[in-house]
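**Q** This is the structure, below, for whatever I ask next.
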Amino acid sequence: MKRPTIDDIARRAGVSKGAVSFALNGRPGVSSETRRRIQAIAAELGWQPNSLARALFDGRPDVLGLVVDRPARTLGLEPFFMQLISGIEATLSAESVGLLLQMTEDPETEITIYRKWWAQHRVAGVFVVDLRAEDSRIAVLEELKLPAVVIGGPEGTGRLPAVWSDDAGAIGVVLAHLAGLGHRRIARVAGQEELRHTRVRTAAMREAAVRLGVMAVTVYADYSGESGERATLDLLRGPDRPTAIVYDNDVMAVAGTAAAREAGFSVPADLSVVAWDDSALCLLTRPHLTAVSRDIAAFGANAARSLLSLVQGREVADSRQAEPRLVSRGSTAPCPESVQ
């Protein structure tokens, strides 16, 4: 079925397209009687305003964009992104603004999407996630002058405003907690190595380990349960098996805990486990998982408010979220005396 247009309304009303535009946008230039007649015809035909055209006319955004460069199989199980998007959506829906979400598994394709959206005026601005150590997206968005807010940082964001949390500080708190329980061999199952927040956490873990006098090792995975399970078993079968493992997301932590148990290790008697993000998954395991907790929905809402302000021409500064906190539960305990 053909979507009704301003041309259709103009033909039915016997007026110019300009007159229809004046009438439907509440602008002067037509009589009250003509305005009412045009509006009645528009309603009869089922005409709806072009959201993009209206956004360009009144300066209000109608659609913002988010591209996620991760495999769909991992994103669908990732509590972080589900909570982040819920926070973004809650803020945007209150302003009658939509979110255009697209997924890809190739950084160059992501840049192509930004260029297409910019050329076609598809979105008024974009959220940038998963900031990389060497991130070509930043320069492209600056070149296009497409309003953008980075969820991550604060380093490596160029001139783009960022909404970020203190990953380095959180790692320091986690290692201090485990060292205080007597653990001296601590491992971390991290996410993708090229991501900036992964590298920030890795560097912070190295520094905290030196400061606390413990051994620390980081191995890399892809946030999926399968990769978390494989990494856990590799660590536990190694020559210097850790007595505590920190995971970069809850999915890998839950899978790693199950794998350790199946391999004959008791949590927390033989192995302490710490998760990251503290989603509902942490309370579905037995024992409940100790976790780094942060308000991810508020993270998304803050990013949405920043991007809305940016596309409306306001100055937007970097925004640091509330400090992550460690929630201690049953999956962490003193290091076994036999391995101290």
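Ordering of the structure tokens sets the chain letters (A, B, ...), residue numbers begin anew at 1 in every chain, and ligands are numbered from 1 in the order given.
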May I have the residues within 6 Å of region 295-301 of chain A as a compact mmCIF listing (two decimals) with all heavy atoms, in the first residue's frame, using only C-alpha atoms and disregarding those fewer than 3 positions away in the same chain?

**A**
```
# COMPACT_ATOMS: atom_id res chain seq x y z
N GLN A 83 20.81 -4.17 29.75
CA GLN A 83 20.55 -3.12 30.73
C GLN A 83 20.90 -1.74 30.18
O GLN A 83 20.20 -0.76 30.45
CB GLN A 83 21.34 -3.40 32.00
CG GLN A 83 20.89 -4.65 32.74
CD GLN A 83 21.73 -4.92 33.97
OE1 GLN A 83 21.93 -4.04 34.82
NE2 GLN A 83 22.26 -6.13 34.08
N LEU A 84 22.00 -1.66 29.43
CA LEU A 84 22.40 -0.39 28.84
C LEU A 84 21.32 0.13 27.90
O LEU A 84 20.91 1.30 27.96
CB LEU A 84 23.71 -0.54 28.08
CG LEU A 84 24.28 0.73 27.45
CD1 LEU A 84 24.86 1.63 28.53
CD2 LEU A 84 25.35 0.40 26.42
N GLY A 87 18.22 1.42 29.65
CA GLY A 87 18.40 2.78 30.18
C GLY A 87 18.32 3.83 29.09
O GLY A 87 17.73 4.90 29.28
N ILE A 88 18.92 3.54 27.93
CA ILE A 88 18.84 4.45 26.79
C ILE A 88 17.39 4.61 26.34
O ILE A 88 16.88 5.73 26.16
CB ILE A 88 19.71 3.94 25.63
CG1 ILE A 88 21.20 4.04 25.99
CG2 ILE A 88 19.43 4.72 24.34
CD1 ILE A 88 22.12 3.39 24.97
N THR A 91 14.97 6.69 28.55
CA THR A 91 15.16 8.13 28.42
C THR A 91 14.66 8.64 27.08
O THR A 91 13.98 9.67 27.01
CB THR A 91 16.65 8.48 28.58
OG1 THR A 91 17.09 8.03 29.87
CG2 THR A 91 16.89 9.98 28.46
N ALA A 304 22.15 8.78 27.07
CA ALA A 304 21.05 9.27 26.25
C ALA A 304 20.80 10.75 26.49
O ALA A 304 20.59 11.52 25.54
CB ALA A 304 19.78 8.47 26.55
```

**Q** So which bits of region 86-332 of chain A end up strand (DSSP E or B) when you DSSP the backbone, as a PDB file with C-alpha atoms, in the first residue's frame?

**A**
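out.pdb, written as the output of this step:
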```
ATOM      1  CA  GLY A  98      13.466   6.295  18.683  1.00  0.00           C
ATOM      2  CA  LEU A  99      16.583   4.133  18.739  1.00  0.00           C
ATOM      3  CA  LEU A 100      17.884   2.574  15.521  1.00  0.00           C
ATOM      4  CA  LEU A 101      19.943  -0.507  16.482  1.00  0.00           C
ATOM      5  CA  GLN A 102      22.156  -2.308  13.999  1.00  0.00           C
ATOM      6  CA  MET A 103      24.614  -5.147  14.545  1.00  0.00           C
ATOM      7  CA  THR A 104      27.769  -6.013  12.666  1.00  0.00           C
ATOM      8  CA  VAL A 126      24.920   8.027  17.547  1.00  0.00           C
ATOM      9  CA  PHE A 127      26.108   6.186  20.637  1.00  0.00           C
ATOM     10  CA  VAL A 128      29.600   4.666  20.338  1.00  0.00           C
ATOM     11  CA  ARG A 132      39.014   0.205  20.982  1.00  0.00           C
ATOM     12  CA  ALA A 148      28.181  11.225  19.007  1.00  0.00           C
ATOM     13  CA  VAL A 149      28.623  10.233  22.637  1.00  0.00           C
ATOM     14  CA  VAL A 150      31.146   7.551  23.578  1.00  0.00           C
ATOM     15  CA  ILE A 151      30.094   5.071  26.241  1.00  0.00           C
ATOM     16  CA  ALA A 162      32.232  10.408  26.929  1.00  0.00           C
ATOM     17  CA  VAL A 163      30.220   8.727  29.649  1.00  0.00           C
ATOM     18  CA  TRP A 164      32.525   6.422  31.595  1.00  0.00           C
ATOM     19  CA  ARG A 185      47.489 -16.579  42.705  1.00  0.00           C
ATOM     20  CA  ILE A 186      44.705 -14.638  41.032  1.00  0.00           C
ATOM     21  CA  ALA A 187      43.598 -14.949  37.397  1.00  0.00           C
ATOM     22  CA  ARG A 188      41.283 -12.888  35.258  1.00  0.00           C
ATOM     23  CA  VAL A 189      39.223 -14.076  32.297  1.00  0.00           C
ATOM     24  CA  ALA A 190      38.963 -10.889  30.269  1.00  0.00           C
ATOM     25  CA  LEU A 195      38.911  -3.097  23.648  1.00  0.00           C
ATOM     26  CA  MET A 215      50.677 -13.179  41.257  1.00  0.00           C
ATOM     27  CA  ALA A 216      48.156 -12.139  38.621  1.00  0.00           C
ATOM     28  CA  VAL A 217      47.540 -13.410  35.098  1.00  0.00           C
ATOM     29  CA  THR A 218      45.018 -12.334  32.457  1.00  0.00           C
ATOM     30  CA  VAL A 219      43.684 -14.524  29.650  1.00  0.00           C
ATOM     31  CA  TYR A 220      41.338 -13.319  26.925  1.00  0.00           C
ATOM     32  CA  ALA A 244      40.635 -17.019  42.619  1.00  0.00           C
ATOM     33  CA  ILE A 245      39.348 -15.979  39.198  1.00  0.00           C
ATOM     34  CA  VAL A 246      37.851 -12.618  38.197  1.00  0.00           C
ATOM     35  CA  TYR A 247      35.628 -12.562  35.105  1.00  0.00           C
ATOM     36  CA  SER A 272      36.873 -18.020  44.721  1.00  0.00           C
ATOM     37  CA  VAL A 273      34.950 -16.364  41.885  1.00  0.00           C
ATOM     38  CA  VAL A 274      34.232 -12.692  41.178  1.00  0.00           C
ATOM     39  CA  ALA A 275      31.888 -11.563  38.382  1.00  0.00           C
ATOM     40  CA  TRP A 276      31.539  -8.177  36.716  1.00  0.00           C
ATOM     41  CA  ASP A 277      28.299  -6.131  36.259  1.00  0.00           C
ATOM     42  CA  THR A 290      30.522 -11.866  44.462  1.00  0.00           C
ATOM     43  CA  ALA A 291      30.420  -9.139  41.812  1.00  0.00           C
ATOM     44  CA  VAL A 292      31.472  -5.664  40.766  1.00  0.00           C
ATOM     45  CA  SER A 293      28.164  -3.811  40.743  1.00  0.00           C
ATOM     46  CA  SER A 319      30.480  12.445  32.573  1.00  0.00           C
ATOM     47  CA  ARG A 320      31.900  10.034  35.128  1.00  0.00           C
ATOM     48  CA  ARG A 325      31.243  -1.186  44.175  1.00  0.00           C
ATOM     49  CA  LEU A 326      32.135  -4.726  45.148  1.00  0.00           C
ATOM     50  CA  VAL A 327      29.226  -6.785  46.490  1.00  0.00           C
TER      51      VAL A 327
END
```

**Q** Quote the spacing between CA of Leu144 (chain A) and CA of Ala119 (chain A) in Å to one decimal place.

**A**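 Interatomic distance, CA of Leu144 (chain A) to CA of Ala119 (chain A): 9.3 Å.
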
**Q** Neighbouring residues of region 36-38 of chain A were defined as those with any atom within 9 Å, considering only C-alpha atoms; residues of the same chain fewer than 3 positions away were excluded. Please report them as JSON, numbers by chain.

**A** {"A": [9, 10, 12, 13, 15, 19, 20, 23, 24, 31, 32, 33, 41, 42, 43]}

**Q** Restricted to all heavy atoms, what would the selected residues look like written as an mmCIF file, in the first residue's frame?

**A**
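Result file follows (part.cif):
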```cif
data_model
loop_
_atom_site.group_PDB
_atom_site.id
_atom_site.type_symbol
_atom_site.label_atom_id
_atom_site.label_comp_id
_atom_site.auth_asym_id
_atom_site.auth_seq_id
_atom_site.Cartn_x
_atom_site.Cartn_y
_atom_site.Cartn_z
ATOM 1 N N ILE A 9 -2.280 14.961 -0.712
ATOM 2 C CA ILE A 9 -3.150 15.895 0.016
ATOM 3 C C ILE A 9 -3.405 17.142 -0.823
ATOM 4 O O ILE A 9 -4.538 17.647 -0.909
ATOM 5 C CB ILE A 9 -2.520 16.263 1.373
ATOM 6 C CG1 ILE A 9 -2.340 15.011 2.228
ATOM 7 C CG2 ILE A 9 -3.376 17.287 2.105
ATOM 8 C CD1 ILE A 9 -1.517 15.234 3.480
ATOM 9 N N ALA A 10 -2.322 17.646 -1.463
ATOM 10 C CA ALA A 10 -2.463 18.860 -2.280
ATOM 11 C C ALA A 10 -3.431 18.641 -3.441
ATOM 12 O O ALA A 10 -4.275 19.504 -3.735
ATOM 13 C CB ALA A 10 -1.090 19.290 -2.797
ATOM 14 N N ARG A 12 -5.904 16.427 -3.611
ATOM 15 C CA ARG A 12 -7.261 16.276 -3.095
ATOM 16 C C ARG A 12 -7.833 17.637 -2.669
ATOM 17 O O ARG A 12 -9.030 17.899 -2.890
ATOM 18 C CB ARG A 12 -7.238 15.321 -1.907
ATOM 19 C CG ARG A 12 -8.601 15.120 -1.226
ATOM 20 C CD ARG A 12 -9.512 14.219 -2.037
ATOM 21 N NE ARG A 12 -9.019 12.846 -2.007
ATOM 22 C CZ ARG A 12 -9.327 11.963 -1.054
ATOM 23 N NH1 ARG A 12 -10.133 12.312 -0.079
ATOM 24 N NH2 ARG A 12 -8.844 10.755 -1.115
ATOM 25 N N ALA A 13 -6.995 18.483 -2.079
ATOM 26 C CA ALA A 13 -7.480 19.777 -1.577
ATOM 27 C C ALA A 13 -7.498 20.861 -2.642
ATOM 28 O O ALA A 13 -8.105 21.922 -2.452
ATOM 29 C CB ALA A 13 -6.606 20.223 -0.401
ATOM 30 N N VAL A 15 -4.827 22.565 -3.696
ATOM 31 C CA VAL A 15 -3.932 23.645 -3.287
ATOM 32 C C VAL A 15 -2.498 23.242 -3.612
ATOM 33 O O VAL A 15 -2.237 22.114 -4.055
ATOM 34 C CB VAL A 15 -4.071 23.948 -1.778
ATOM 35 C CG1 VAL A 15 -5.500 24.403 -1.447
ATOM 36 C CG2 VAL A 15 -3.693 22.728 -0.936
ATOM 37 N N ALA A 19 1.169 25.198 0.475
ATOM 38 C CA ALA A 19 0.027 25.466 1.352
ATOM 39 C C ALA A 19 -0.196 24.293 2.307
ATOM 40 O O ALA A 19 -0.506 24.481 3.495
ATOM 41 C CB ALA A 19 -1.227 25.725 0.516
ATOM 42 N N VAL A 20 -0.039 23.064 1.795
ATOM 43 C CA VAL A 20 -0.196 21.885 2.646
ATOM 44 C C VAL A 20 0.864 21.881 3.746
ATOM 45 O O VAL A 20 0.575 21.597 4.913
ATOM 46 C CB VAL A 20 -0.102 20.592 1.814
ATOM 47 C CG1 VAL A 20 -0.105 19.373 2.723
ATOM 48 C CG2 VAL A 20 -1.251 20.524 0.823
ATOM 49 N N ALA A 23 -0.007 24.369 6.403
ATOM 50 C CA ALA A 23 -1.151 23.936 7.216
ATOM 51 C C ALA A 23 -0.767 22.836 8.199
ATOM 52 O O ALA A 23 -1.190 22.849 9.360
ATOM 53 C CB ALA A 23 -2.279 23.459 6.302
ATOM 54 N N LEU A 24 0.014 21.890 7.743
ATOM 55 C CA LEU A 24 0.327 20.741 8.589
ATOM 56 C C LEU A 24 1.416 21.028 9.613
ATOM 57 O O LEU A 24 1.535 20.314 10.610
ATOM 58 C CB LEU A 24 0.735 19.550 7.721
ATOM 59 C CG LEU A 24 -0.352 19.012 6.780
ATOM 60 C CD1 LEU A 24 0.192 17.859 5.947
ATOM 61 C CD2 LEU A 24 -1.570 18.551 7.572
ATOM 62 N N SER A 31 -5.413 30.318 5.247
ATOM 63 C CA SER A 31 -6.534 30.716 6.098
ATOM 64 C C SER A 31 -6.895 29.588 7.057
ATOM 65 O O SER A 31 -6.546 28.423 6.842
ATOM 66 C CB SER A 31 -7.744 31.052 5.232
ATOM 67 O OG SER A 31 -8.229 29.878 4.583
ATOM 68 N N SER A 32 -7.643 29.940 8.091
ATOM 69 C CA SER A 32 -8.075 28.935 9.070
ATOM 70 C C SER A 32 -8.932 27.870 8.411
ATOM 71 O O SER A 32 -8.810 26.672 8.714
ATOM 72 C CB SER A 32 -8.859 29.612 10.198
ATOM 73 O OG SER A 32 -8.047 30.517 10.903
ATOM 74 N N GLU A 33 -9.810 28.287 7.502
ATOM 75 C CA GLU A 33 -10.693 27.334 6.827
ATOM 76 C C GLU A 33 -9.879 26.361 5.973
ATOM 77 O O GLU A 33 -10.116 25.138 5.993
ATOM 78 C CB GLU A 33 -11.701 28.077 5.955
ATOM 79 C CG GLU A 33 -12.662 27.145 5.219
ATOM 80 C CD GLU A 33 -13.632 27.904 4.342
ATOM 81 O OE1 GLU A 33 -13.706 29.140 4.459
ATOM 82 O OE2 GLU A 33 -14.309 27.257 3.530
ATOM 83 N N ILE A 41 -8.330 16.306 5.367
ATOM 84 C CA ILE A 41 -7.958 15.410 4.265
ATOM 85 C C ILE A 41 -6.763 14.549 4.657
ATOM 86 O O ILE A 41 -6.719 13.341 4.365
ATOM 87 C CB ILE A 41 -7.649 16.244 2.993
ATOM 88 C CG1 ILE A 41 -8.939 16.886 2.467
ATOM 89 C CG2 ILE A 41 -6.991 15.370 1.924
ATOM 90 C CD1 ILE A 41 -8.706 17.892 1.359
ATOM 91 N N ALA A 42 -5.800 15.150 5.342
ATOM 92 C CA ALA A 42 -4.628 14.393 5.791
ATOM 93 C C ALA A 42 -5.041 13.258 6.723
ATOM 94 O O ALA A 42 -4.547 12.129 6.606
ATOM 95 C CB ALA A 42 -3.643 15.324 6.492
ATOM 96 N N ALA A 43 -5.969 13.553 7.630
ATOM 97 C CA ALA A 43 -6.439 12.518 8.551
ATOM 98 C C ALA A 43 -7.189 11.421 7.801
ATOM 99 O O ALA A 43 -7.033 10.231 8.089
ATOM 100 C CB ALA A 43 -7.329 13.145 9.618
#
```
